[in-house]
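In what follows, a single structure is set out as structure tokens and then discussed.
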Amino acid sequence: MIFVNVLSQIYNYKSLIWNGIRRDIEIKYRRSYLGFLWTILNPVSQIFIYFIIFSQIMKSKVPGIESEYSYAIFLCLGMIPWTFFSELLTRTTNVFIDNAHLLKKVSVPKIVFPIICLGSSIFNFLIFYTIFLFFTLFIKISTTAVLFNILVPMFFLSLLGLSIGLVLALLNVFIRDVGNALSIFLQFWFWLTPIVYNMNTIPQKYLYYLAFNPVNICILASQSVMFNDVNVEYASFIYPSIISVFFFVIAYFLYVRLAEKLSDEL
Amino acid sequence: MPVVHIRNVVKEYTVFQSQSGALANALFPNLIKNKNKIRVLDNINLEIKKGETVGFIGLNGAGKSTLLKIISGVTKPTSGHVDIQGKFAAILELGMGFHPDFTGRENAYLALKLNGHTDNIDNLINSIYDFAEIGQYFDQPVRLYSSGMSVRLAFSVATVVRPGLLIVDEALSVGDAYFQHKSFDRIKSFREQGSSMILVSHDKAAILELCDTVYLLNQGQVVYGGDPVEALDFYNALLSNDLSDIDIKDIGEGGSQLSSGNKELEIIDCSIINEHQTVCDLIETGNEYTLKILAKCNTNVTDVVCGFMIKNKYGQIIFGTNTFHTDNIIPEIITGDKIEINFKFKANLGEGNYSISVAFHQYDTHISKNYNWIDRIYMFKVLNKKYPSFIGTNFINVGVSSKIISSP
């Protein structure tokens, strides 16, 4: 099973993948009155709360930015990509166990299931981010810049989330502790990433350690749109690239070894 | 060119104390020593030709499902080769993968895509709708379906495109009589058009009706492959015996005699005699005959029951009874003695060829203790000389009268 084969499997099953993504989205509002509205209401209320709480009640501000909404924007710029990343990672890790009933009965390339996770996580991100873009229309920030600035961080978060997720998913079939450990690990990971706090407020001696976090640079790049003087250089993506490729290779190696054995273990 | 060609297939599961052991073995199978292996399929060889219908029978745990999973590609064999030609559909389990909150139509879409269909999906969905005949339920969530409706949907989805190989695992016996009939018809027409089929069933009538060849699996091995009637007899013998207690004797003309049992009591002769006390294998409808069975006792035995069955040429049981039901249990037979049992009967049978199976066992069935059971121990032919012509295996003496009722 060479790499091209895996890609052609994904291509051949593209209509199954589309169908799976649609079902993932639809399943959340089946048997509800508001239907698709639920998919929108959740992010709307989350962003709305950020904007109200941090401008009116807590009056938090990001140093150097004038707008009263500065902290809310800062939080959204970090939180929305992080939500995408952690959702992708969590869902991919459990994807084979969740689809055990199908994997044990139908002969389908296993890779389609993580791809479906990626697709529906991207969809959820798009909804979330589009609503955020709508909010940015009312404040002093360039909506276009916010739109284009996210592309590179999203590319790396997708690659990272899918690769690490696939490694964990394959291990999780054999050792179920992986899935449980992940949710705790993600909590630490969240607080080790500058989403709620600003990188500038971190004591100098800890900055070195934070640099090991590959998600770090993606979040910083997303937030950089707020700061005119801060430009994230593309060279700083070298580290997340190396980490992504590293996990991608491990994921590929494990997939080749384990894919055909999954149905016996589930 | 066979549609399915299985050579030396072995499937082993390795049992580990710890899950990390299982993972290590899956990653580096060559490095792990001292494995505790369970062999669920042991050197399976079989071929399924184009248009052939093959049955798999065997006790629970014999390896039927694992073999089906290997043929359908869900799992890979530990060693050996599997060659499959063409596209196939598998109904491995009913209601497979149907999501309860999605409608029949939506589930059908997913199932088609899982089976790799990409073209003409809308046409296929329409023909699924037509065949399933579940009306407006097709657009209702599957959780509202009765089990019969799920079966209808599952069968319709799996057979919407004629497959090269159809795998049916215990799926035909569910559903109402009307749909069973309809699905049988579809399967038969697939077969006429050249589809091969694998049928796994405990329904003997379905096996006899549909299968050209039957493979009997026991503890992971094919212990018999061939004629369906003989395979079912063998299966029947397996219910109460170890494999080593069963043997097949060739009796010429392509037939064979299957015997089983511990031989504590051994059948030595069986024949049908007529009113003139002569042995005969040509029987006239309506005449009196006696089935005479002789057995010798090798070890003291108690509570002996003797039974017989008459089967038609398709292996279907026409009649059978035993001395438990007739209240003639023999309390004890001592080593060295012989026992003769006579069943006197009137041959109310239609024309054709029949076979007799005879058995000695303890109490009412052969499951608890089987002394000796022989299938096709005696063959006979029935001719109708005295009565008007009739069809069927059962003779009913009919009186006829007629009158014309004129219109007023």
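Note on naming: chains are A, B, ... as they come in the structure tokens, residues start from 1 per chain, ligands start from 1 in the order shown.
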Practice item. Pull the helix (DSSP H, G or I) assignments for stretch 2-231 of chain B out of DSSP run on the backbone, and list those residues as a PyMOL selection string. Key: chain B and resi 19-27+64-72+104-114+121-132+135-139+142-144+147-158+177-192+204-210+228-231
Pull the closest atom pair for each residue of chain B that gets at most 10 Å from chain A, along with the distance in Å to one decimal, counting only C-alpha atoms, ordering rows by chain and then ascending residue number, as a Markdown table.
| residue | atom | partner | partner_atom | distance |
| --- | --- | --- | --- | --- |
| B:Tyr13 | CA | A:Asp264 | CA | 8.3 |
| B:Ser18 | CA | A:Ile175 | CA | 9.3 |
| B:Gln19 | CA | A:Phe174 | CA | 5.9 |
| B:Ser20 | CA | A:Ile175 | CA | 6.8 |
| B:Gly21 | CA | A:Phe174 | CA | 9.2 |
| B:Ala22 | CA | A:Phe174 | CA | 7.0 |
| B:Leu23 | CA | A:Phe174 | CA | 5.9 |
| B:Ala24 | CA | A:Phe174 | CA | 9.6 |
| B:Ala26 | CA | A:Leu258 | CA | 6.5 |
| B:Leu27 | CA | A:Arg257 | CA | 5.9 |
| B:Phe28 | CA | A:Arg257 | CA | 8.6 |
| B:Lys69 | CA | A:Lys105 | CA | 7.6 |
| B:Ile70 | CA | A:Ser107 | CA | 9.9 |
| B:Ser72 | CA | A:Ser107 | CA | 6.9 |
| B:Gly73 | CA | A:Ser107 | CA | 5.4 |
| B:Val74 | CA | A:Ser107 | CA | 4.6 |
| B:Thr75 | CA | A:Ser263 | CA | 6.3 |
| B:Lys76 | CA | A:Glu260 | CA | 6.8 |
| B:Ala89 | CA | A:Val106 | CA | 9.6 |
| B:Ala90 | CA | A:Val106 | CA | 8.2 |
| B:Ile91 | CA | A:Lys105 | CA | 8.9 |
| B:Leu92 | CA | A:Lys105 | CA | 6.7 |
| B:Glu93 | CA | A:Lys105 | CA | 7.9 |
| B:Met96 | CA | A:Leu102 | CA | 7.6 |
| B:Gly97 | CA | A:Leu102 | CA | 5.9 |
| B:Phe98 | CA | A:Leu102 | CA | 9.5 |
| B:His99 | CA | A:Ile27 | CA | 9.7 |
| B:Asp101 | CA | A:Arg30 | CA | 7.0 |
| B:Phe102 | CA | A:Arg30 | CA | 8.1 |
| B:Glu106 | CA | A:Arg23 | CA | 9.1 |
| B:Tyr109 | CA | A:Asn19 | CA | 8.2 |
| B:Leu110 | CA | A:Asn19 | CA | 6.8 |
| B:Ala111 | CA | A:Leu16 | CA | 9.2 |
| B:Leu112 | CA | A:Leu16 | CA | 8.8 |
| B:Lys113 | CA | A:Leu16 | CA | 5.2 |
| B:Leu114 | CA | A:Leu16 | CA | 6.5 |
| B:Asn115 | CA | A:Val106 | CA | 7.6 |
| B:Gly116 | CA | A:Tyr13 | CA | 7.2 |
| B:His117 | CA | A:Ser15 | CA | 9.0 |
| B:Thr118 | CA | A:Ser15 | CA | 7.0 |
| B:Pro141 | CA | A:Arg31 | CA | 9.9 |
Mind dumping the selected residues with C-alpha atoms as a short mmCIF file (atom, residue, chain, number, x, y, z; two decimals), in the first residue's frame?
data_model
loop_
_atom_site.label_atom_id
_atom_site.label_comp_id
_atom_site.auth_asym_id
_atom_site.auth_seq_id
_atom_site.Cartn_x
_atom_site.Cartn_y
_atom_site.Cartn_z
CA TYR B 13 -6.30 -14.70 16.37
CA SER B 18 -2.33 -7.05 27.75
CA GLN B 19 -3.58 -4.68 25.10
CA SER B 20 -0.09 -3.32 24.50
CA GLY B 21 0.95 -6.86 23.60
CA ALA B 22 -1.75 -6.93 20.94
CA LEU B 23 -0.54 -3.58 19.61
CA ALA B 24 3.10 -4.65 19.56
CA ALA B 26 0.09 -5.93 15.17
CA LEU B 27 3.03 -3.61 14.51
CA PHE B 28 5.91 -6.04 14.62
CA LYS B 69 -15.62 -11.80 6.43
CA ILE B 70 -12.53 -12.95 4.58
CA SER B 72 -16.08 -9.98 1.66
CA GLY B 73 -12.74 -8.36 2.45
CA VAL B 74 -13.65 -7.08 5.89
CA THR B 75 -10.78 -9.01 7.42
CA LYS B 76 -7.61 -10.47 5.97
CA ALA B 89 -22.71 -7.26 -2.38
CA ALA B 90 -22.86 -8.67 1.06
CA ILE B 91 -25.76 -8.82 3.44
CA LEU B 92 -23.64 -9.83 6.34
CA GLU B 93 -26.11 -8.74 8.93
CA MET B 96 -26.38 -3.17 8.95
CA GLY B 97 -25.21 0.36 9.59
CA PHE B 98 -28.66 1.88 9.36
CA HIS B 99 -28.77 5.03 11.42
CA ASP B 101 -32.52 8.92 12.99
CA PHE B 102 -32.07 8.98 9.23
CA GLU B 106 -30.91 8.53 3.41
CA TYR B 109 -27.84 6.50 -0.05
CA LEU B 110 -25.13 5.83 2.48
CA ALA B 111 -25.29 2.07 1.99
CA LEU B 112 -24.95 2.46 -1.78
CA LYS B 113 -21.93 4.65 -1.31
CA LEU B 114 -20.38 2.30 1.21
CA ASN B 115 -20.73 -0.43 -1.39
CA GLY B 116 -18.87 1.75 -3.86
CA HIS B 117 -21.76 2.80 -6.12
CA THR B 118 -21.26 6.24 -7.61
CA PRO B 141 -36.63 7.54 10.15
#
Exercise for review: Enumerate the residues of stretch 145-297 of chain B with a DSSP assignment of strand (DSSP E or B), computed from the backbone, and present them as an NGL selection string.
Suggested key: :B and (165-169 or 196-200 or 213-218 or 221-226 or 247-252 or 255-260 or 265-273 or 279 or 282-284 or 288-297)
Grab the residues selected above and save them as a PDB file, in the first residue's frame with C-alpha atoms.
ATOM      1  CA  LEU B 165     -21.355 -12.715  -5.840  1.00  0.00           C
ATOM      2  CA  LEU B 166     -24.123 -12.338  -3.315  1.00  0.00           C
ATOM      3  CA  ILE B 167     -23.441 -13.258   0.279  1.00  0.00           C
ATOM      4  CA  VAL B 168     -26.491 -13.973   2.361  1.00  0.00           C
ATOM      5  CA  ASP B 169     -25.908 -14.605   6.033  1.00  0.00           C
ATOM      6  CA  SER B 196     -22.828 -16.764  -7.715  1.00  0.00           C
ATOM      7  CA  MET B 197     -24.138 -16.921  -4.220  1.00  0.00           C
ATOM      8  CA  ILE B 198     -23.031 -17.893  -0.752  1.00  0.00           C
ATOM      9  CA  LEU B 199     -25.772 -18.798   1.633  1.00  0.00           C
ATOM     10  CA  VAL B 200     -25.200 -19.258   5.334  1.00  0.00           C
ATOM     11  CA  THR B 213     -22.850 -27.353  -3.254  1.00  0.00           C
ATOM     12  CA  VAL B 214     -22.692 -27.253   0.505  1.00  0.00           C
ATOM     13  CA  TYR B 215     -19.594 -26.963   2.643  1.00  0.00           C
ATOM     14  CA  LEU B 216     -19.793 -28.194   6.194  1.00  0.00           C
ATOM     15  CA  LEU B 217     -17.434 -26.424   8.554  1.00  0.00           C
ATOM     16  CA  ASN B 218     -16.357 -27.856  11.859  1.00  0.00           C
ATOM     17  CA  GLN B 221     -12.052 -26.921   8.822  1.00  0.00           C
ATOM     18  CA  VAL B 222     -14.132 -27.954   5.852  1.00  0.00           C
ATOM     19  CA  VAL B 223     -15.087 -31.481   6.839  1.00  0.00           C
ATOM     20  CA  TYR B 224     -17.386 -32.052   3.917  1.00  0.00           C
ATOM     21  CA  GLY B 225     -17.928 -30.314   0.610  1.00  0.00           C
ATOM     22  CA  GLY B 226     -20.360 -31.547  -1.996  1.00  0.00           C
ATOM     23  CA  ASP B 247     -17.741 -42.189   8.339  1.00  0.00           C
ATOM     24  CA  ILE B 248     -18.936 -42.120   4.784  1.00  0.00           C
ATOM     25  CA  LYS B 249     -19.217 -45.342   2.808  1.00  0.00           C
ATOM     26  CA  ASP B 250     -19.530 -45.278  -0.960  1.00  0.00           C
ATOM     27  CA  ILE B 251     -22.468 -47.387  -2.086  1.00  0.00           C
ATOM     28  CA  GLY B 252     -22.047 -46.937  -5.813  1.00  0.00           C
ATOM     29  CA  GLY B 255     -24.409 -42.287  -3.673  1.00  0.00           C
ATOM     30  CA  SER B 256     -22.891 -42.654  -0.266  1.00  0.00           C
ATOM     31  CA  GLN B 257     -23.962 -43.811   3.134  1.00  0.00           C
ATOM     32  CA  LEU B 258     -23.179 -41.731   6.163  1.00  0.00           C
ATOM     33  CA  SER B 259     -22.941 -43.387   9.524  1.00  0.00           C
ATOM     34  CA  SER B 260     -22.216 -42.035  12.951  1.00  0.00           C
ATOM     35  CA  LEU B 265     -25.220 -50.702  19.551  1.00  0.00           C
ATOM     36  CA  GLU B 266     -24.442 -51.397  15.912  1.00  0.00           C
ATOM     37  CA  ILE B 267     -26.883 -51.636  13.048  1.00  0.00           C
ATOM     38  CA  ILE B 268     -26.066 -54.740  11.032  1.00  0.00           C
ATOM     39  CA  ASP B 269     -28.996 -55.025   8.682  1.00  0.00           C
ATOM     40  CA  CYS B 270     -31.978 -53.094   7.436  1.00  0.00           C
ATOM     41  CA  SER B 271     -34.472 -54.078   4.780  1.00  0.00           C
ATOM     42  CA  ILE B 272     -38.069 -53.712   3.691  1.00  0.00           C
ATOM     43  CA  ILE B 273     -40.017 -56.925   3.372  1.00  0.00           C
ATOM     44  CA  VAL B 279     -36.958 -58.420   0.708  1.00  0.00           C
ATOM     45  CA  LEU B 282     -39.872 -51.877  -5.310  1.00  0.00           C
ATOM     46  CA  ILE B 283     -42.907 -50.804  -3.355  1.00  0.00           C
ATOM     47  CA  GLU B 284     -46.491 -50.469  -4.458  1.00  0.00           C
ATOM     48  CA  GLU B 288     -48.412 -53.236   3.603  1.00  0.00           C
ATOM     49  CA  TYR B 289     -44.685 -53.534   4.285  1.00  0.00           C
ATOM     50  CA  THR B 290     -42.389 -54.072   7.211  1.00  0.00           C
ATOM     51  CA  LEU B 291     -39.132 -52.240   7.848  1.00  0.00           C
ATOM     52  CA  LYS B 292     -36.925 -54.756   9.567  1.00  0.00           C
ATOM     53  CA  ILE B 293     -33.896 -53.516  11.478  1.00  0.00           C
ATOM     54  CA  LEU B 294     -31.285 -55.743  13.065  1.00  0.00           C
ATOM     55  CA  ALA B 295     -28.616 -54.522  15.458  1.00  0.00           C
ATOM     56  CA  LYS B 296     -26.052 -56.129  17.722  1.00  0.00           C
ATOM     57  CA  CYS B 297     -25.122 -54.945  21.157  1.00  0.00           C
TER      58      CYS B 297
END
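Closest approach to A:Val62 among A:Ile111, A:Ile164, A:Leu88, A:Leu75: A:Leu75, based on only C-alpha atoms.
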Would you kindly return, as a short mmCIF file (atom, residue, chain, number, x, y, z; two decimals) with N, CA and C atoms, in the first residue's frame, each protein, DNA or RNA residue with an atom no farther than 9 Å from any atom of A:Ser244, considering only C-alpha atoms and excluding same-chain residues fewer than 3 positions away?
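Listing of result16.cif after writing:
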data_model
loop_
_atom_site.label_atom_id
_atom_site.label_comp_id
_atom_site.auth_asym_id
_atom_site.auth_seq_id
_atom_site.Cartn_x
_atom_site.Cartn_y
_atom_site.Cartn_z
N PHE A 156 -1.91 24.45 8.63
CA PHE A 156 -1.05 23.70 9.54
C PHE A 156 -1.84 23.01 10.64
N LEU A 157 -2.88 23.69 11.13
CA LEU A 157 -3.69 23.06 12.17
C LEU A 157 -4.39 21.81 11.63
N LEU A 159 -3.32 19.84 9.16
CA LEU A 159 -2.31 18.80 8.96
C LEU A 159 -1.91 18.19 10.30
N LEU A 160 -1.71 19.08 11.27
CA LEU A 160 -1.30 18.65 12.60
C LEU A 160 -2.40 17.82 13.27
N GLY A 161 -3.62 18.35 13.21
CA GLY A 161 -4.76 17.68 13.86
C GLY A 161 -5.03 16.32 13.24
N SER A 163 -2.90 14.41 11.44
CA SER A 163 -1.78 13.47 11.63
C SER A 163 -1.74 12.94 13.05
N ILE A 164 -1.76 13.85 14.03
CA ILE A 164 -1.72 13.40 15.42
C ILE A 164 -2.98 12.59 15.71
N PRO A 214 3.65 23.31 18.88
CA PRO A 214 3.51 23.62 17.46
C PRO A 214 2.25 24.42 17.13
N TYR A 239 9.01 25.13 12.20
CA TYR A 239 8.87 24.18 13.31
C TYR A 239 7.56 23.39 13.24
N PRO A 240 6.39 24.07 13.16
CA PRO A 240 5.16 23.28 13.00
C PRO A 240 5.17 22.38 11.76
N SER A 241 5.84 22.81 10.70
CA SER A 241 5.92 21.95 9.52
C SER A 241 6.65 20.66 9.84
N PHE A 247 4.62 13.67 12.50
CA PHE A 247 3.44 12.89 12.86
C PHE A 247 2.77 12.29 11.63
N PHE A 248 2.86 13.00 10.52
CA PHE A 248 2.28 12.49 9.28
C PHE A 248 2.97 11.18 8.88
N VAL A 249 4.28 11.14 9.00
CA VAL A 249 5.03 9.94 8.65
C VAL A 249 4.68 8.80 9.61
#
Practice item. Find the distance between atom CA of B:Asn384 and atom CA of B:His276 and write it in Å to one decimal. Key: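 Spanning atom CA of B:Asn384 to atom CA of B:His276 is a straight-line distance of 18.8 Å.
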Review point. Could you state the separation of atom CA of B:Tyr129 and atom CA of B:Thr103 in Å, given to one decimal place?
Key: 12.0 Å
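Using only C-alpha atoms, the nearest neighbour of B:Ser368 within the list B:Leu41, B:Val304, B:Ile334, B:Ile405 is B:Val304.
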Check your understanding: In Å, how far is it from atom CA of B:Gln140 to atom CA of A:Ile21?
Key ->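 Here the two named atoms are 21.1 Å from each other.
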Practice item. Write out as a list in words the residues lying within 10 Å of B:Glu209, counting only C-alpha atoms and excluding same-chain residues fewer than 6 positions away. Key: Pro228, Tyr314 and Gln316 of chain B
Point to revise | Residues within 10 Å of A:Leu89, only C-alpha atoms, excluding chain neighbours under 5 positions, as a VMD selection string | key: chain A and resid 83 to 84 94 to 95 114 117 to 118 121 157 to 158 160 to 166 168 to 169 182 to 183 186
Output file for the residues above (N, CA and C atoms, as a PDB file, in the first residue's frame):
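The resulting file, result.pdb, is shown below:
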ATOM      1  N   THR A  83     -10.578  25.757  18.742  1.00  0.00           N
ATOM      2  CA  THR A  83     -11.773  24.911  18.776  1.00  0.00           C
ATOM      3  C   THR A  83     -11.752  23.930  17.604  1.00  0.00           C
ATOM      4  N   PHE A  84     -11.369  24.448  16.433  1.00  0.00           N
ATOM      5  CA  PHE A  84     -11.255  23.579  15.264  1.00  0.00           C
ATOM      6  C   PHE A  84     -10.244  22.473  15.527  1.00  0.00           C
ATOM      7  N   ASN A  94     -11.271   9.184  18.118  1.00  0.00           N
ATOM      8  CA  ASN A  94     -12.313   8.192  18.401  1.00  0.00           C
ATOM      9  C   ASN A  94     -12.993   7.647  17.147  1.00  0.00           C
ATOM     10  N   VAL A  95     -12.509   8.037  15.971  1.00  0.00           N
ATOM     11  CA  VAL A  95     -13.294   7.780  14.761  1.00  0.00           C
ATOM     12  C   VAL A  95     -13.463   6.296  14.455  1.00  0.00           C
ATOM     13  N   PRO A 114     -11.314   9.296   9.006  1.00  0.00           N
ATOM     14  CA  PRO A 114     -10.639  10.518   9.466  1.00  0.00           C
ATOM     15  C   PRO A 114     -10.847  11.703   8.515  1.00  0.00           C
ATOM     16  N   CYS A 117     -13.989  13.331   9.332  1.00  0.00           N
ATOM     17  CA  CYS A 117     -13.807  14.182  10.528  1.00  0.00           C
ATOM     18  C   CYS A 117     -13.219  15.526  10.137  1.00  0.00           C
ATOM     19  N   LEU A 118     -12.212  15.492   9.283  1.00  0.00           N
ATOM     20  CA  LEU A 118     -11.567  16.729   8.855  1.00  0.00           C
ATOM     21  C   LEU A 118     -12.596  17.624   8.161  1.00  0.00           C
ATOM     22  N   SER A 121     -15.180  19.051  10.594  1.00  0.00           N
ATOM     23  CA  SER A 121     -14.560  20.041  11.486  1.00  0.00           C
ATOM     24  C   SER A 121     -14.308  21.348  10.739  1.00  0.00           C
ATOM     25  N   LEU A 157      -2.876  23.688  11.128  1.00  0.00           N
ATOM     26  CA  LEU A 157      -3.695  23.056  12.169  1.00  0.00           C
ATOM     27  C   LEU A 157      -4.391  21.806  11.628  1.00  0.00           C
ATOM     28  N   SER A 158      -4.831  21.865  10.361  1.00  0.00           N
ATOM     29  CA  SER A 158      -5.479  20.699   9.753  1.00  0.00           C
ATOM     30  C   SER A 158      -4.501  19.538   9.651  1.00  0.00           C
ATOM     31  N   LEU A 160      -1.707  19.080  11.271  1.00  0.00           N
ATOM     32  CA  LEU A 160      -1.296  18.647  12.602  1.00  0.00           C
ATOM     33  C   LEU A 160      -2.404  17.825  13.267  1.00  0.00           C
ATOM     34  N   GLY A 161      -3.625  18.347  13.213  1.00  0.00           N
ATOM     35  CA  GLY A 161      -4.757  17.680  13.858  1.00  0.00           C
ATOM     36  C   GLY A 161      -5.032  16.324  13.237  1.00  0.00           C
ATOM     37  N   LEU A 162      -4.979  16.255  11.919  1.00  0.00           N
ATOM     38  CA  LEU A 162      -5.257  14.997  11.231  1.00  0.00           C
ATOM     39  C   LEU A 162      -4.158  13.973  11.497  1.00  0.00           C
ATOM     40  N   SER A 163      -2.895  14.410  11.437  1.00  0.00           N
ATOM     41  CA  SER A 163      -1.783  13.473  11.626  1.00  0.00           C
ATOM     42  C   SER A 163      -1.736  12.940  13.053  1.00  0.00           C
ATOM     43  N   ILE A 164      -1.756  13.853  14.027  1.00  0.00           N
ATOM     44  CA  ILE A 164      -1.723  13.403  15.423  1.00  0.00           C
ATOM     45  C   ILE A 164      -2.981  12.593  15.713  1.00  0.00           C
ATOM     46  N   GLY A 165      -4.118  13.072  15.198  1.00  0.00           N
ATOM     47  CA  GLY A 165      -5.383  12.381  15.411  1.00  0.00           C
ATOM     48  C   GLY A 165      -5.348  10.963  14.865  1.00  0.00           C
ATOM     49  N   LEU A 166      -4.782  10.778  13.693  1.00  0.00           N
ATOM     50  CA  LEU A 166      -4.734   9.444  13.088  1.00  0.00           C
ATOM     51  C   LEU A 166      -3.825   8.514  13.892  1.00  0.00           C
ATOM     52  N   LEU A 168      -3.234   8.735  17.102  1.00  0.00           N
ATOM     53  CA  LEU A 168      -3.959   8.401  18.330  1.00  0.00           C
ATOM     54  C   LEU A 168      -5.130   7.469  18.035  1.00  0.00           C
ATOM     55  N   ALA A 169      -5.798   7.689  16.894  1.00  0.00           N
ATOM     56  CA  ALA A 169      -6.953   6.859  16.534  1.00  0.00           C
ATOM     57  C   ALA A 169      -6.535   5.402  16.391  1.00  0.00           C
ATOM     58  N   LEU A 182      -6.523  11.871  26.203  1.00  0.00           N
ATOM     59  CA  LEU A 182      -6.489  13.030  25.305  1.00  0.00           C
ATOM     60  C   LEU A 182      -7.260  14.217  25.863  1.00  0.00           C
ATOM     61  N   SER A 183      -8.447  13.947  26.447  1.00  0.00           N
ATOM     62  CA  SER A 183      -9.269  15.075  26.883  1.00  0.00           C
ATOM     63  C   SER A 183      -8.586  15.842  28.016  1.00  0.00           C
ATOM     64  N   LEU A 186      -5.620  17.735  26.421  1.00  0.00           N
ATOM     65  CA  LEU A 186      -6.047  18.918  25.664  1.00  0.00           C
ATOM     66  C   LEU A 186      -6.284  20.129  26.565  1.00  0.00           C
TER      67      LEU A 186
END
**Study point:** Contacts of stretch 37-39 of chain A within 9 Å, only C-alpha atoms, excl. fewer than 5 positions in-chain, as a ChimeraX atom specification
**Key:** /A:25,28-29,32,124,127-128
Point to revise | Contacts of A:Tyr50 within 7 Å, only C-alpha atoms, excl. fewer than 4 positions in-chain, as a list of chain:residue names | key: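 Near neighbours after the sequence-gap exclusion: A:Gln46, A:Phe54, A:Ala72.
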Go ahead and write the residues just picked, N, CA and C atoms, as an mmCIF file, in the first residue's frame.
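What landed in again12.cif:
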data_model
loop_
_atom_site.group_PDB
_atom_site.id
_atom_site.type_symbol
_atom_site.label_atom_id
_atom_site.label_comp_id
_atom_site.auth_asym_id
_atom_site.auth_seq_id
_atom_site.Cartn_x
_atom_site.Cartn_y
_atom_site.Cartn_z
ATOM 1 N N GLN A 46 -21.675 32.389 21.578
ATOM 2 C CA GLN A 46 -20.337 32.399 22.170
ATOM 3 C C GLN A 46 -19.616 33.723 21.862
ATOM 4 N N PHE A 54 -16.420 41.134 27.771
ATOM 5 C CA PHE A 54 -15.078 41.727 27.828
ATOM 6 C C PHE A 54 -15.045 43.204 27.419
ATOM 7 N N ALA A 72 -12.020 40.867 23.142
ATOM 8 C CA ALA A 72 -12.966 39.905 22.551
ATOM 9 C C ALA A 72 -12.463 39.430 21.197
#
Point to revise | Which of A:Ile243, A:Ile53, A:Ala235, A:Met79 sits closest to A:Phe212 [using only C-alpha atoms] | key: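 Nearest candidate to A:Phe212 out of A:Ile243, A:Ile53, A:Ala235, A:Met79: A:Ile243.
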